[in-house]
Amino acid sequence: MKLYKLENIKRIYGRRTVLDIADLEISAGKIYTLIGPNGAGKTSLLKILAFLDLPSKGRMHFTGQEVGRSEKSLHPFRKRVVLLDQSPIMFTGSVWSNIEFGLKVRGVAGAEKKRRIEEVLELVGLARFKDYNAQGLSGGETKRIALARALVLRPEVLLCDEPTANVDRENQEIILSIIEQINKEQKTSVIFSTHYLSQGNRLAHHSLMLQHGSLSDKANENIFRITVVGFEGDKALCQLTGQLLLRIPRAALPGETSFAKIHIKSGLLECGPGNGDRVDGNVVTGHITEMSQECGRVRLGINIGVNLFLTLPMDKYLREQPRIGGRVEVFIPDVAVGFSSFASSLPTA
Amino acid sequence: MDLLFDSVASAFVLLMSFDRELIEIVLVSLNVSCFATIIASLVGIPGGFVVAYSSFPGKRLVLTCLNTLLALPTVVIGLLVYSFISRKGLFGSLDLLYTQKAIIIGQVILIVPVIMTLTIAAVSRIDDRYRTTALTLGASRIQMARVIFLEARYGVLAAVIAAFGRVIAEVGISMMLGGNAKGFTRTMTTAMALEYDKGEFVLAVALGITLMSLAFLINLLFHFFQGRTGNEAV
């Protein structure tokens, strides 16, 4: 199901266009990452998706309904979506009163309210903090309580603006695993912005790369059309190019279809000879066509008949020393392959 | 200097004896000032919120006008209100002139701009994330305003206290619209002016001490509540 549909959206402040998106569709029940440098327009896009800001131009639909421009028409949409701020702020009062705010607004009271608050405090692992002064918490605790305050409302969409920024590694892990958990268990759609490709690769079904307010072509990386040409046991033979066949678990196919789109997560790919512990997947070979450094990782473009991109940790890069033009073996584990309904125009393989 | 010391000493004796006339004057002052502050708060605080959180053409002009009204002399307000409530005025038939109601009307006009501008300043200082957080959690505009009010409460309270301080210490409106009638419209400041004219400093100094003590007490209470709420673990 289509969650959002954005058409020719522009956000203009004065003479500066901070967001310019020609066409974007976002599907329900998935995790999306918005990746991009500072000033790329991530927060502006999230605010528009949260109905907290209006685009200067363009049209937006949410679950098929056109989003209006009046305050009155936005209010019902806001009740279905929650934005978690990059530096969340706590209202005056206790942790409990902060979490119950949104429930009160929705008229949830009594035992149901109590049960939901206790449940969500357990989920974020801060049940003992319920009577604490919310404005006296540490940065990591504040983020987790803000996450609880959002999740207690059971929103259809959770929007997070850099949820792991300015928190320690332990809190980062907790926040990311909660995001993963609520997506899996409650089918909550999640859109979160991050600077880290690795987080996108780990969690997201889809990545959107924003640069200078526009969706970058890099967002379409590793998304290919495939043709199912046959089956081999529990594997489907998926033709990527004329010569290139991938064996993908049959169960992963989106129904009985001959054509589909696949998304190969660049961060889960392995480059070079393995150490024997590889499980299910495909091994392909190709030539390195481009190499760049990005967020502490090295990004390689490899021509395997189509251009496949992968990112390597720096230590692995230093160990393997891949070179442009060099022939390299790429292992595509089954877990790195997802079927995509990605919005923007797709490269034809 | 002897005159001052003698007056202060006699004023303390007067205060300790709970002089009936003195108490009457203080009560009239408090009555008028409290009513004026309450009415002006009911107008000025929501008005300040609306101006702070609305975008409309001419907003800057409104802010400039409000700031200009801060400097409005009390005698000008006295004259303006007098022209409406005197016998020949538009509301002359209501017989408001030389009543406490007349003083309250004048004082409300005096402090509505004070409360509005200080409320606008207090609300504008509140981090915008309170607004966006309340809205994203599903709050309506009214519920969002309640959140902002709660966060800006000390600034708003300071606005109310400043306004109260302004009315309890003003003399022009009380004199022109109240008429300084003993037992009815004689406030601390008009009584002090009268006693000065008569050359009777004792009551004037006693009232001055009372006025300053009141101002000190109100500020003390304000800081006490502010400190207590700021430090307590909820």
# chains A, B, ... in the order shown; residues from 1 in each chain; ligands from 1
>>> select_by_dssp(residues="stretch 178-335 of chain A", states="strand (DSSP E)", output="PyMOL selection string")
chain A and resi 189-194+206-211+214-215+223-232+235-239+245-249+259-264+270-271+281-294+297-303+307-313+327-333
>>> residues_around(residues="A:Lys2", least_positions_apart="3", cutoff="7 Å", atoms="only C-alpha atoms", output="PyMOL selection string")
chain A and resi 25-28+63
>>> write_last_selection(atoms="C-alpha atoms", output="mmCIF file, in the first residue's frame")
data_model
loop_
_atom_site.group_PDB
_atom_site.id
_atom_site.type_symbol
_atom_site.label_atom_id
_atom_site.label_comp_id
_atom_site.auth_asym_id
_atom_site.auth_seq_id
_atom_site.Cartn_x
_atom_site.Cartn_y
_atom_site.Cartn_z
ATOM 1 C CA GLU A 25 6.309 7.225 -3.307
ATOM 2 C CA ILE A 26 6.761 5.584 0.055
ATOM 3 C CA SER A 27 5.252 2.203 0.849
ATOM 4 C CA ALA A 28 3.622 1.191 4.117
ATOM 5 C CA THR A 63 -2.746 6.771 2.255
#
>>> residues_around(residues="B:Leu79", least_positions_apart="5", cutoff="9 Å", atoms="only C-alpha atoms", output="list in words")
Thr74, Phe84, Ile173, Met176 and Leu177 of chain B
>>> write_last_selection(atoms="N, CA and C atoms", output="compact mmCIF listing (two decimals), in the first residue's frame")
# COMPACT_ATOMS: atom_id res chain seq x y z
N THR B 74 0.04 58.20 32.34
CA THR B 74 -1.21 57.90 33.05
C THR B 74 -2.21 59.06 32.91
N PHE B 84 -14.85 59.95 28.27
CA PHE B 84 -15.93 58.99 28.00
C PHE B 84 -16.91 58.87 29.17
N ILE B 173 -4.00 58.22 37.05
CA ILE B 173 -5.34 57.68 36.75
C ILE B 173 -6.20 57.71 38.02
N MET B 176 -7.22 61.35 38.75
CA MET B 176 -8.13 61.99 37.80
C MET B 176 -9.48 61.29 37.72
N LEU B 177 -9.47 59.95 37.82
CA LEU B 177 -10.74 59.22 37.65
C LEU B 177 -11.37 58.82 38.98
>>> residues_around(residues="A:Leu126", least_positions_apart="6", cutoff="8 Å", atoms="only C-alpha atoms", output="list in words")
Glu141, Arg144 and Ile145 of chain A
>>> residues_around(residues="A:Pro273", least_positions_apart="4", cutoff="10 Å", atoms="only C-alpha atoms", output="JSON, numbers by chain")
{"A": [283, 320, 328, 329, 330, 331]}
>>> write_last_selection(atoms="C-alpha atoms", output="PDB file, in the first residue's frame")
ATOM      1  CA  VAL A 283      29.003 -15.279  -5.772  1.00  0.00           C
ATOM      2  CA  GLU A 320      42.140  -6.324   0.796  1.00  0.00           C
ATOM      3  CA  VAL A 328      37.002  -8.955  -7.695  1.00  0.00           C
ATOM      4  CA  GLU A 329      34.688 -11.585  -6.317  1.00  0.00           C
ATOM      5  CA  VAL A 330      31.490 -10.332  -4.653  1.00  0.00           C
ATOM      6  CA  PHE A 331      29.416 -12.459  -2.333  1.00  0.00           C
TER       7      PHE A 331
END
>>> interface_residues(of="chain B", to="chain A", cutoff="8 Å", atoms="only C-alpha atoms", output="list in words")
Arg129, Tyr130, Thr132, Thr133, Leu135, Thr136, Leu137, Gly138, Ala139, Ser140, Gln143, Val147, Leu150, Glu151, Ala233 and Val234 of chain B
>>> write_last_selection(atoms="C-alpha atoms", output="short mmCIF file (atom, residue, chain, number, x, y, z; two decimals), in the first residue's frame")
data_model
loop_
_atom_site.label_atom_id
_atom_site.label_comp_id
_atom_site.auth_asym_id
_atom_site.auth_seq_id
_atom_site.Cartn_x
_atom_site.Cartn_y
_atom_site.Cartn_z
CA ARG B 129 10.41 22.32 19.67
CA TYR B 130 7.71 22.52 22.39
CA THR B 132 6.29 21.04 17.14
CA THR B 133 6.45 18.26 19.75
CA LEU B 135 1.61 19.15 17.46
CA THR B 136 3.28 15.93 16.36
CA LEU B 137 1.86 14.19 19.43
CA GLY B 138 -1.57 15.13 18.12
CA ALA B 139 -2.33 18.27 20.12
CA SER B 140 -4.83 20.78 18.78
CA GLN B 143 -3.72 22.05 23.62
CA VAL B 147 1.88 23.40 26.64
CA LEU B 150 3.05 25.92 31.00
CA GLU B 151 6.60 26.29 29.74
CA ALA B 233 12.25 16.33 41.55
CA VAL B 234 8.82 15.73 40.13
#
>>> residues_around(residues="B:Phe91", least_positions_apart="6", cutoff="12 Å", atoms="only C-alpha atoms", output="list in words")
Val81, Tyr82, Ser83, Phe84, Ile85, Leu97 and Ala102 of chain B
>>> write_last_selection(atoms="N, CA and C atoms", output="PDB file, in the first residue's frame")
ATOM      1  N   VAL B  81     -10.187  58.466  29.404  1.00  0.00           N
ATOM      2  CA  VAL B  81     -11.300  57.786  30.076  1.00  0.00           C
ATOM      3  C   VAL B  81     -12.283  58.827  30.614  1.00  0.00           C
ATOM      4  N   TYR B  82     -11.734  59.945  31.130  1.00  0.00           N
ATOM      5  CA  TYR B  82     -12.589  61.020  31.661  1.00  0.00           C
ATOM      6  C   TYR B  82     -13.560  61.510  30.578  1.00  0.00           C
ATOM      7  N   SER B  83     -13.026  61.645  29.348  1.00  0.00           N
ATOM      8  CA  SER B  83     -13.868  62.164  28.265  1.00  0.00           C
ATOM      9  C   SER B  83     -15.031  61.215  27.934  1.00  0.00           C
ATOM     10  N   PHE B  84     -14.847  59.952  28.269  1.00  0.00           N
ATOM     11  CA  PHE B  84     -15.928  58.988  28.001  1.00  0.00           C
ATOM     12  C   PHE B  84     -16.915  58.874  29.166  1.00  0.00           C
ATOM     13  N   ILE B  85     -16.408  59.022  30.416  1.00  0.00           N
ATOM     14  CA  ILE B  85     -17.297  58.707  31.564  1.00  0.00           C
ATOM     15  C   ILE B  85     -17.765  59.953  32.313  1.00  0.00           C
ATOM     16  N   LEU B  97     -17.681  57.979  36.952  1.00  0.00           N
ATOM     17  CA  LEU B  97     -16.628  58.918  37.366  1.00  0.00           C
ATOM     18  C   LEU B  97     -16.526  58.987  38.891  1.00  0.00           C
ATOM     19  N   ALA B 102     -13.993  53.297  37.792  1.00  0.00           N
ATOM     20  CA  ALA B 102     -13.341  54.212  36.849  1.00  0.00           C
ATOM     21  C   ALA B 102     -11.823  54.044  36.897  1.00  0.00           C
TER      22      ALA B 102
END
>>> closest_residue(among="B:Leu118, B:Met212, B:Ile25, B:Val205", to="B:Ala163", atoms="only C-alpha atoms")
B:Leu118
>>> select_by_dssp(residues="stretch 8-133 of chain B", states="helix (DSSP H, G or I)", output="PyMOL selection string")
chain B and resi 8-16+20-53+59-69+74-85+92-94+100-124+128-133
>>> residues_around(residues="A:Asn38", least_positions_apart="3", cutoff="10 Å", atoms="only C-alpha atoms", output="list in words")
Ile35, Gly41, Lys42, Thr43, Thr194, His195, Leu210, Gln211 and His212 of chain A
>>> atom_distance(atom1="atom CA of A:Arg225", atom2="atom CA of A:Gly29")
21.5 Å
>>> decode(residues="stretch 110-191 of chain B", atoms="C-alpha atoms", output="mmCIF file, in the first residue's frame")
data_model
loop_
_atom_site.group_PDB
_atom_site.id
_atom_site.type_symbol
_atom_site.label_atom_id
_atom_site.label_comp_id
_atom_site.auth_asym_id
_atom_site.auth_seq_id
_atom_site.Cartn_x
_atom_site.Cartn_y
_atom_site.Cartn_z
ATOM 1 C CA LEU B 110 -2.551 51.179 31.239
ATOM 2 C CA ILE B 111 -1.367 47.608 31.790
ATOM 3 C CA VAL B 112 -2.891 45.577 28.964
ATOM 4 C CA PRO B 113 0.026 46.615 26.682
ATOM 5 C CA VAL B 114 2.481 45.767 29.489
ATOM 6 C CA ILE B 115 1.077 42.253 29.924
ATOM 7 C CA MET B 116 0.746 41.692 26.178
ATOM 8 C CA THR B 117 4.284 42.750 25.267
ATOM 9 C CA LEU B 118 5.868 40.833 28.136
ATOM 10 C CA THR B 119 3.746 37.748 27.318
ATOM 11 C CA ILE B 120 4.811 37.990 23.672
ATOM 12 C CA ALA B 121 8.439 38.205 24.802
ATOM 13 C CA ALA B 122 8.032 35.266 27.216
ATOM 14 C CA VAL B 123 6.286 33.061 24.658
ATOM 15 C CA SER B 124 8.713 33.952 21.874
ATOM 16 C CA ARG B 125 11.610 32.828 24.046
ATOM 17 C CA ILE B 126 10.130 29.324 24.360
ATOM 18 C CA ASP B 127 11.947 26.758 22.246
ATOM 19 C CA ASP B 128 9.949 26.051 19.070
ATOM 20 C CA ARG B 129 10.407 22.322 19.673
ATOM 21 C CA TYR B 130 7.709 22.521 22.388
ATOM 22 C CA ARG B 131 5.259 23.644 19.716
ATOM 23 C CA THR B 132 6.285 21.037 17.136
ATOM 24 C CA THR B 133 6.453 18.255 19.745
ATOM 25 C CA ALA B 134 2.956 19.031 21.020
ATOM 26 C CA LEU B 135 1.609 19.152 17.459
ATOM 27 C CA THR B 136 3.284 15.929 16.360
ATOM 28 C CA LEU B 137 1.858 14.189 19.426
ATOM 29 C CA GLY B 138 -1.573 15.133 18.119
ATOM 30 C CA ALA B 139 -2.332 18.272 20.121
ATOM 31 C CA SER B 140 -4.825 20.778 18.784
ATOM 32 C CA ARG B 141 -3.901 24.480 18.660
ATOM 33 C CA ILE B 142 -5.526 25.038 22.064
ATOM 34 C CA GLN B 143 -3.715 22.055 23.620
ATOM 35 C CA MET B 144 -0.466 23.258 22.080
ATOM 36 C CA ALA B 145 -1.053 26.728 23.579
ATOM 37 C CA ARG B 146 -1.507 25.101 27.003
ATOM 38 C CA VAL B 147 1.880 23.402 26.644
ATOM 39 C CA ILE B 148 3.520 26.681 25.678
ATOM 40 C CA PHE B 149 1.765 28.483 28.530
ATOM 41 C CA LEU B 150 3.048 25.915 31.005
ATOM 42 C CA GLU B 151 6.605 26.288 29.736
ATOM 43 C CA ALA B 152 6.368 30.091 29.655
ATOM 44 C CA ARG B 153 4.569 30.363 32.997
ATOM 45 C CA TYR B 154 7.352 32.213 34.811
ATOM 46 C CA GLY B 155 7.700 34.759 32.049
ATOM 47 C CA VAL B 156 3.936 35.258 32.009
ATOM 48 C CA LEU B 157 3.836 35.483 35.812
ATOM 49 C CA ALA B 158 6.616 38.063 35.652
ATOM 50 C CA ALA B 159 4.476 40.032 33.177
ATOM 51 C CA VAL B 160 1.532 39.983 35.591
ATOM 52 C CA ILE B 161 3.731 41.036 38.516
ATOM 53 C CA ALA B 162 5.252 43.860 36.491
ATOM 54 C CA ALA B 163 1.752 45.007 35.571
ATOM 55 C CA PHE B 164 0.613 44.858 39.202
ATOM 56 C CA GLY B 165 3.651 46.890 40.205
ATOM 57 C CA ARG B 166 2.763 49.455 37.565
ATOM 58 C CA VAL B 167 -0.849 49.929 38.718
ATOM 59 C CA ILE B 168 -0.250 49.918 42.441
ATOM 60 C CA ALA B 169 2.361 52.646 42.034
ATOM 61 C CA GLU B 170 0.509 54.866 39.539
ATOM 62 C CA VAL B 171 -1.052 58.105 40.686
ATOM 63 C CA GLY B 172 -2.392 59.962 37.608
ATOM 64 C CA ILE B 173 -5.336 57.681 36.753
ATOM 65 C CA SER B 174 -6.346 57.191 40.395
ATOM 66 C CA MET B 175 -6.330 60.940 41.015
ATOM 67 C CA MET B 176 -8.127 61.988 37.797
ATOM 68 C CA LEU B 177 -10.735 59.219 37.648
ATOM 69 C CA GLY B 178 -11.048 58.341 41.337
ATOM 70 C CA GLY B 179 -11.027 61.810 42.770
ATOM 71 C CA ASN B 180 -9.205 60.743 45.949
ATOM 72 C CA ALA B 181 -12.425 60.396 47.959
ATOM 73 C CA LYS B 182 -11.628 59.223 51.473
ATOM 74 C CA GLY B 183 -12.749 55.691 52.124
ATOM 75 C CA PHE B 184 -13.866 55.152 48.527
ATOM 76 C CA THR B 185 -11.232 55.986 45.983
ATOM 77 C CA ARG B 186 -8.272 57.090 48.076
ATOM 78 C CA THR B 187 -5.379 54.822 47.151
ATOM 79 C CA MET B 188 -1.905 54.714 48.660
ATOM 80 C CA THR B 189 -0.381 56.922 45.985
ATOM 81 C CA THR B 190 -3.159 59.540 45.949
ATOM 82 C CA ALA B 191 -3.131 59.624 49.756
#
